[in-house]
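Everything below concerns the one structure shown next.
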Amino acid sequence: MSGQNQRLNVVPTVTMLGVMKARLVGATRGHALLKKKSDALTVQFRQILKKIVSTKESMGDIMKTSSFALTEAKYVAGENIKHIVQENVQSAALKVRSRQENVAGVKLPKFEYFIDGETKNDLTGLARGGQQIQACRAAYVKSIELLVELATLQTSFLTLDEAIKTTNRRVNALENVVKPRIENTITYIKGELDELEREDFFRLKKIQGYKRREVEKQREAAKAYAEEQLAEDIALKRVFPSLQLMTCYPTLHRKTRT
Amino acid sequence: MANRAQIRTSSSALIAMIADEDTITGFLLAGVGNVDLRRKTNYLIVDSKTTVKQIEDAFKEFTTREDIAIVLISQYVANMIRFLVDSYNKPIPAILEIPSKDHPYDPAHDSVLSRVKYLFSTESVASGRR
């Protein structure tokens with residue numbers, strides 16, 4: 001991917017450092033939580049998978065039984081049963097209701113079937129084969145029950161699959177992109193702050209050095225000047241022994257001239 | 001977190017069927033068939049004269065209708081429109097493949113199970129090696 005360990009572009013100040021640290025804590029906590037969520041979802045996923053496999057197998061058997069019942073009914077009640085049934089279709093008596101269940105934070109759909117009214121097929125087979133027809137209908141109702149349950153399992157399965165993929169994507173993103181980036185930003189800010197501190201320190205030391213040198217120079221200058229004056233004094237005294245000196249040490253000699 | 005695919009919760013939804021005549025008759029007997037005012041049914045009888053296009057259209061219609069929650073489709077019919085069934089990825093309506101009288105259930109072709117074949121061990125149902 002592009003520049004895998006880049007950092008965010010921020011101003012390297014102390015406040016930003018605090019902000020970045022807080023973000024790192026948030027990212028770490030989020031990562032742990034999402035990982036737990038992904039694990040919980042995977043557990044549910046595997047359970048549903050097992051149930052689906054076993055339900056599909058039993059569905060195969062039930063459909064076979066229902067087909068047998070239908071063949072029996074056709075045999076007894078005559079071939080026209082198909083047309084009669086098809087003519088009798090009006091509004092469905094068996095309908096399904098869908099609800100949402102919350103499992104580990106994911107909304108899973110759940111189907112239940114319910115009977116909505118009377119079928120017009122109650123009178124079918126009144127002429128002959130009524131019992132077979134009722135038996136056949138019971139068999140098919142049972143298979144519908146199983147099929148509705150299977151539909152619930154299948155939809156939850158698909159929804160869970162999506163949810164797991166999304167969660168895993170987020171976990172990976174946090175772990176491989178967000179956290180390294182924030183960590184790099186923190187390192188960068190710390191580095192910049194250290195460098196600023198070092199610059200400051202260096203500047204301070206330099207200025208101290210200058211000041212010290214200035215003071216030294218002044219002291220040297222003063223000392224040199226004092227020595228010069230002393231030398232002049234001594235020279236003058238040799239020539240004019242009575243002359244009181246006033247030229248140097250003005251603060252020390254306050255004698256008046258004689 | 002917003003759910004991208006909103007799951008429809010309805011209090012009454014139909015079961016659609018695309019299968020051969022016998023299976024459909026059985027289910028109609030149980031009371032699953034519905035004909036509305038515009039003579040639109042929630043089932044399609046597939047026989048030797050039905051074209052693949054008709055089956056495709058019926059499938060697309062059933063999956064886009066708002067009031068259908070489950071679509072039962074015979075496995076041999078599903079094999080005819082396998083590409084449509086495999087590319088369908090909405091949670092509702094749920095597509096269930098059912099066996100028919102002449103074609104017993106074959107888990108190796110089931111679109112849902114084949115999607116997760118990798119999760120199964122070699123002795124399980126979906127790998128079809130039983």
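Order determines the names: the first chain of the structure tokens is A, the second B, and so forth; residues in each chain are numbered 1 upward, and ligands are numbered 1 upward as they are shown.
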Proximal residues of chain A relative to chain B (only C-alpha atoms; 8 Å) as JSON, numbers by chain:
{"A": [53, 59, 60, 63, 64, 66, 67, 70, 82, 85, 86, 89, 90, 91, 92, 93, 94, 95, 96, 97, 98, 99, 100, 109, 119, 121, 136, 137, 138, 140, 141, 147, 148, 150, 151, 152, 154, 155, 156, 158, 159]}
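Within the 12 Å cut-off around Thr15 (chain A), using only C-alpha atoms and omitting residues fewer than 4 positions from it on the same chain, the listed residues are Val10, Val11, Val19, Met20, Lys21, Ala22, Ile186, Ile189, Lys190 and Leu193 of chain A.
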Write out as a PyMOL selection string all residues of region 79-246 of chain A that backbone DSSP assigns to helix (DSSP H, G or I).
chain A and resi 81-87+120-123+130-239
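From CA of Ala139 (chain A) back to CA of Ala73 (chain A), the distance works out to 11.5 Å.
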What does the distance between CA of Ile18 (chain B) and CA of Ser54 (chain A) come to in Å, to one decimal place?
23.7 Å
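Pairwise distance (CA of Glu61 (chain B), CA of Ile81 (chain B)) equals 13.9 Å.
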For region 174-185 of chain A, please output as a list in words all residues within 9 Å (counting only C-alpha atoms; exclusion window: fewer than 5 positions along the same chain).
Gln4, Asn5, Gln6, Arg7, Leu8, Asn9, Val10, Pro12, Leu17, Met20, Lys21, Arg23, Leu24, Ala27, Thr28, Gly30, His31, Arg169 and Lys190 of chain A
For the residues in the current selection, export C-alpha atoms as a PDB file, in the first residue's frame.
ATOM      1  CA  GLN A   4       2.981   2.112   5.041  1.00  0.00           C
ATOM      2  CA  ASN A   5       4.336   3.841   8.054  1.00  0.00           C
ATOM      3  CA  GLN A   6       3.564   7.415   7.358  1.00  0.00           C
ATOM      4  CA  ARG A   7       2.659   9.797  10.084  1.00  0.00           C
ATOM      5  CA  LEU A   8      -0.086  12.372  10.316  1.00  0.00           C
ATOM      6  CA  ASN A   9       0.805  15.955   9.484  1.00  0.00           C
ATOM      7  CA  VAL A  10       0.566  17.884  12.718  1.00  0.00           C
ATOM      8  CA  PRO A  12       4.659  19.343  16.921  1.00  0.00           C
ATOM      9  CA  LEU A  17       1.325  15.141  21.898  1.00  0.00           C
ATOM     10  CA  MET A  20      -2.135  11.858  19.934  1.00  0.00           C
ATOM     11  CA  LYS A  21      -1.589   9.855  23.091  1.00  0.00           C
ATOM     12  CA  ARG A  23      -6.033   8.766  20.281  1.00  0.00           C
ATOM     13  CA  LEU A  24      -3.587   5.898  20.652  1.00  0.00           C
ATOM     14  CA  ALA A  27      -7.393   2.953  19.054  1.00  0.00           C
ATOM     15  CA  THR A  28      -5.929   0.251  21.271  1.00  0.00           C
ATOM     16  CA  GLY A  30     -11.228  -0.191  20.078  1.00  0.00           C
ATOM     17  CA  HIS A  31      -8.993  -2.826  18.577  1.00  0.00           C
ATOM     18  CA  ARG A 169     -11.625  -5.520   8.042  1.00  0.00           C
ATOM     19  CA  LYS A 190       8.675  13.812  20.685  1.00  0.00           C
TER      20      LYS A 190
END
Those of region 83-178 of chain A in DSSP strand (DSSP E), formatted as a PyMOL selection string
chain A and resi 94-103+106-115
May I have the residues within 10 Å of Gln132 (chain A) as a PDB file with all heavy atoms, in the first residue's frame, using only C-alpha atoms and disregarding those fewer than 2 positions away in the same chain?
ATOM      1  N   ALA A  69     -46.569 -38.721  -0.140  1.00  0.00           N
ATOM      2  CA  ALA A  69     -47.946 -38.460   0.252  1.00  0.00           C
ATOM      3  C   ALA A  69     -48.731 -37.900  -0.924  1.00  0.00           C
ATOM      4  O   ALA A  69     -49.892 -38.260  -1.160  1.00  0.00           O
ATOM      5  CB  ALA A  69     -47.964 -37.482   1.437  1.00  0.00           C
ATOM      6  N   LEU A  70     -48.076 -37.025  -1.688  1.00  0.00           N
ATOM      7  CA  LEU A  70     -48.772 -36.423  -2.836  1.00  0.00           C
ATOM      8  C   LEU A  70     -49.092 -37.480  -3.878  1.00  0.00           C
ATOM      9  O   LEU A  70     -50.184 -37.494  -4.449  1.00  0.00           O
ATOM     10  CB  LEU A  70     -47.909 -35.313  -3.447  1.00  0.00           C
ATOM     11  CG  LEU A  70     -48.557 -34.612  -4.622  1.00  0.00           C
ATOM     12  CD1 LEU A  70     -49.787 -33.874  -4.166  1.00  0.00           C
ATOM     13  CD2 LEU A  70     -47.590 -33.656  -5.266  1.00  0.00           C
ATOM     14  N   THR A  71     -48.121 -38.366  -4.114  1.00  0.00           N
ATOM     15  CA  THR A  71     -48.375 -39.409  -5.112  1.00  0.00           C
ATOM     16  C   THR A  71     -49.543 -40.273  -4.681  1.00  0.00           C
ATOM     17  O   THR A  71     -50.406 -40.638  -5.483  1.00  0.00           O
ATOM     18  CB  THR A  71     -47.122 -40.279  -5.291  1.00  0.00           C
ATOM     19  OG1 THR A  71     -45.981 -39.440  -5.220  1.00  0.00           O
ATOM     20  CG2 THR A  71     -47.151 -41.002  -6.608  1.00  0.00           C
ATOM     21  N   GLU A  72     -49.567 -40.586  -3.377  1.00  0.00           N
ATOM     22  CA  GLU A  72     -50.681 -41.369  -2.874  1.00  0.00           C
ATOM     23  C   GLU A  72     -51.990 -40.658  -3.120  1.00  0.00           C
ATOM     24  O   GLU A  72     -52.963 -41.242  -3.610  1.00  0.00           O
ATOM     25  CB  GLU A  72     -50.524 -41.607  -1.370  1.00  0.00           C
ATOM     26  CG  GLU A  72     -49.717 -42.822  -1.015  1.00  0.00           C
ATOM     27  CD  GLU A  72     -49.554 -42.934   0.480  1.00  0.00           C
ATOM     28  OE1 GLU A  72     -50.385 -42.356   1.221  1.00  0.00           O
ATOM     29  OE2 GLU A  72     -48.606 -43.572   0.917  1.00  0.00           O
ATOM     30  N   ALA A  73     -52.000 -39.367  -2.775  1.00  0.00           N
ATOM     31  CA  ALA A  73     -53.228 -38.596  -2.930  1.00  0.00           C
ATOM     32  C   ALA A  73     -53.662 -38.557  -4.386  1.00  0.00           C
ATOM     33  O   ALA A  73     -54.840 -38.711  -4.710  1.00  0.00           O
ATOM     34  CB  ALA A  73     -53.017 -37.175  -2.390  1.00  0.00           C
ATOM     35  N   LYS A  74     -52.690 -38.389  -5.272  1.00  0.00           N
ATOM     36  CA  LYS A  74     -53.043 -38.344  -6.693  1.00  0.00           C
ATOM     37  C   LYS A  74     -53.631 -39.669  -7.143  1.00  0.00           C
ATOM     38  O   LYS A  74     -54.585 -39.727  -7.901  1.00  0.00           O
ATOM     39  CB  LYS A  74     -51.783 -38.041  -7.526  1.00  0.00           C
ATOM     40  CG  LYS A  74     -51.551 -36.587  -7.751  1.00  0.00           C
ATOM     41  CD  LYS A  74     -50.735 -36.315  -8.986  1.00  0.00           C
ATOM     42  CE  LYS A  74     -49.361 -36.867  -8.850  1.00  0.00           C
ATOM     43  NZ  LYS A  74     -48.442 -36.309  -9.817  1.00  0.00           N
ATOM     44  N   TYR A  75     -53.022 -40.709  -6.614  1.00  0.00           N
ATOM     45  CA  TYR A  75     -53.493 -42.044  -7.008  1.00  0.00           C
ATOM     46  C   TYR A  75     -54.927 -42.249  -6.578  1.00  0.00           C
ATOM     47  O   TYR A  75     -55.744 -42.779  -7.313  1.00  0.00           O
ATOM     48  CB  TYR A  75     -52.552 -43.080  -6.393  1.00  0.00           C
ATOM     49  CG  TYR A  75     -53.020 -44.495  -6.536  1.00  0.00           C
ATOM     50  CD1 TYR A  75     -53.049 -45.105  -7.802  1.00  0.00           C
ATOM     51  CD2 TYR A  75     -53.433 -45.227  -5.437  1.00  0.00           C
ATOM     52  CE1 TYR A  75     -53.470 -46.395  -7.936  1.00  0.00           C
ATOM     53  CE2 TYR A  75     -53.849 -46.528  -5.579  1.00  0.00           C
ATOM     54  CZ  TYR A  75     -53.871 -47.120  -6.827  1.00  0.00           C
ATOM     55  OH  TYR A  75     -54.294 -48.394  -6.970  1.00  0.00           O
ATOM     56  N   VAL A  76     -55.183 -41.809  -5.343  1.00  0.00           N
ATOM     57  CA  VAL A  76     -56.513 -42.089  -4.823  1.00  0.00           C
ATOM     58  C   VAL A  76     -57.549 -41.118  -5.384  1.00  0.00           C
ATOM     59  O   VAL A  76     -58.648 -41.514  -5.773  1.00  0.00           O
ATOM     60  CB  VAL A  76     -56.493 -41.989  -3.277  1.00  0.00           C
ATOM     61  CG1 VAL A  76     -57.872 -42.173  -2.729  1.00  0.00           C
ATOM     62  CG2 VAL A  76     -55.550 -43.026  -2.711  1.00  0.00           C
ATOM     63  N   ALA A  77     -57.193 -39.857  -5.425  1.00  0.00           N
ATOM     64  CA  ALA A  77     -58.209 -38.871  -5.779  1.00  0.00           C
ATOM     65  C   ALA A  77     -58.277 -38.587  -7.262  1.00  0.00           C
ATOM     66  O   ALA A  77     -59.092 -37.793  -7.692  1.00  0.00           O
ATOM     67  CB  ALA A  77     -57.933 -37.579  -5.011  1.00  0.00           C
ATOM     68  N   GLY A 125     -61.248 -32.954  -2.560  1.00  0.00           N
ATOM     69  CA  GLY A 125     -61.237 -34.401  -2.319  1.00  0.00           C
ATOM     70  C   GLY A 125     -62.473 -34.856  -1.584  1.00  0.00           C
ATOM     71  O   GLY A 125     -62.483 -35.925  -0.982  1.00  0.00           O
ATOM     72  N   ARG A 128     -63.559 -38.110  -3.472  1.00  0.00           N
ATOM     73  CA  ARG A 128     -62.833 -39.308  -3.056  1.00  0.00           C
ATOM     74  C   ARG A 128     -61.408 -38.923  -2.674  1.00  0.00           C
ATOM     75  O   ARG A 128     -60.857 -37.952  -3.160  1.00  0.00           O
ATOM     76  CB  ARG A 128     -62.808 -40.352  -4.161  1.00  0.00           C
ATOM     77  CG  ARG A 128     -62.408 -39.743  -5.481  1.00  0.00           C
ATOM     78  CD  ARG A 128     -62.517 -40.746  -6.568  1.00  0.00           C
ATOM     79  NE  ARG A 128     -61.790 -40.271  -7.720  1.00  0.00           N
ATOM     80  CZ  ARG A 128     -61.233 -41.066  -8.616  1.00  0.00           C
ATOM     81  NH1 ARG A 128     -61.324 -42.359  -8.476  1.00  0.00           N
ATOM     82  NH2 ARG A 128     -60.590 -40.571  -9.642  1.00  0.00           N
ATOM     83  N   GLY A 129     -60.866 -39.703  -1.812  1.00  0.00           N
ATOM     84  CA  GLY A 129     -59.466 -39.501  -1.421  1.00  0.00           C
ATOM     85  C   GLY A 129     -59.272 -38.414  -0.396  1.00  0.00           C
ATOM     86  O   GLY A 129     -58.170 -37.941  -0.201  1.00  0.00           O
ATOM     87  N   GLY A 130     -60.369 -37.991   0.270  1.00  0.00           N
ATOM     88  CA  GLY A 130     -60.230 -36.874   1.213  1.00  0.00           C
ATOM     89  C   GLY A 130     -59.166 -37.110   2.260  1.00  0.00           C
ATOM     90  O   GLY A 130     -58.387 -36.207   2.582  1.00  0.00           O
ATOM     91  N   GLN A 134     -55.859 -34.827   2.986  1.00  0.00           N
ATOM     92  CA  GLN A 134     -55.533 -34.172   4.255  1.00  0.00           C
ATOM     93  C   GLN A 134     -54.174 -34.595   4.747  1.00  0.00           C
ATOM     94  O   GLN A 134     -53.405 -33.776   5.270  1.00  0.00           O
ATOM     95  CB  GLN A 134     -56.594 -34.510   5.312  1.00  0.00           C
ATOM     96  CG  GLN A 134     -57.995 -34.049   4.972  1.00  0.00           C
ATOM     97  CD  GLN A 134     -58.046 -32.574   4.627  1.00  0.00           C
ATOM     98  OE1 GLN A 134     -57.327 -31.768   5.207  1.00  0.00           O
ATOM     99  NE2 GLN A 134     -58.895 -32.228   3.684  1.00  0.00           N
ATOM    100  N   ALA A 135     -53.870 -35.885   4.604  1.00  0.00           N
ATOM    101  CA  ALA A 135     -52.545 -36.359   5.028  1.00  0.00           C
ATOM    102  C   ALA A 135     -51.448 -35.668   4.238  1.00  0.00           C
ATOM    103  O   ALA A 135     -50.432 -35.228   4.785  1.00  0.00           O
ATOM    104  CB  ALA A 135     -52.458 -37.875   4.858  1.00  0.00           C
ATOM    105  N   CYS A 136     -51.700 -35.543   2.931  1.00  0.00           N
ATOM    106  CA  CYS A 136     -50.709 -34.890   2.079  1.00  0.00           C
ATOM    107  C   CYS A 136     -50.513 -33.452   2.517  1.00  0.00           C
ATOM    108  O   CYS A 136     -49.388 -32.959   2.617  1.00  0.00           O
ATOM    109  CB  CYS A 136     -51.199 -34.957   0.628  1.00  0.00           C
ATOM    110  SG  CYS A 136     -50.191 -34.047  -0.493  1.00  0.00           S
ATOM    111  N   ARG A 137     -51.650 -32.790   2.789  1.00  0.00           N
ATOM    112  CA  ARG A 137     -51.514 -31.395   3.195  1.00  0.00           C
ATOM    113  C   ARG A 137     -50.735 -31.273   4.487  1.00  0.00           C
ATOM    114  O   ARG A 137     -49.865 -30.417   4.637  1.00  0.00           O
ATOM    115  CB  ARG A 137     -52.906 -30.779   3.372  1.00  0.00           C
ATOM    116  CG  ARG A 137     -52.763 -29.294   3.570  1.00  0.00           C
ATOM    117  CD  ARG A 137     -53.879 -28.744   4.318  1.00  0.00           C
ATOM    118  NE  ARG A 137     -55.074 -28.827   3.480  1.00  0.00           N
ATOM    119  CZ  ARG A 137     -56.220 -28.332   3.826  1.00  0.00           C
ATOM    120  NH1 ARG A 137     -56.343 -27.720   4.968  1.00  0.00           N
ATOM    121  NH2 ARG A 137     -57.259 -28.454   3.060  1.00  0.00           N
ATOM    122  N   ALA A 138     -51.025 -32.175   5.444  1.00  0.00           N
ATOM    123  CA  ALA A 138     -50.298 -32.117   6.712  1.00  0.00           C
ATOM    124  C   ALA A 138     -48.805 -32.291   6.473  1.00  0.00           C
ATOM    125  O   ALA A 138     -47.980 -31.583   7.056  1.00  0.00           O
ATOM    126  CB  ALA A 138     -50.827 -33.194   7.652  1.00  0.00           C
TER     127      ALA A 138
END
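With only C-alpha atoms as the atoms that count, the residue of B:Ala16, B:Asp86, B:Ala78, B:His109 with the shortest distance to Glu66 (chain B) is B:Ala16.
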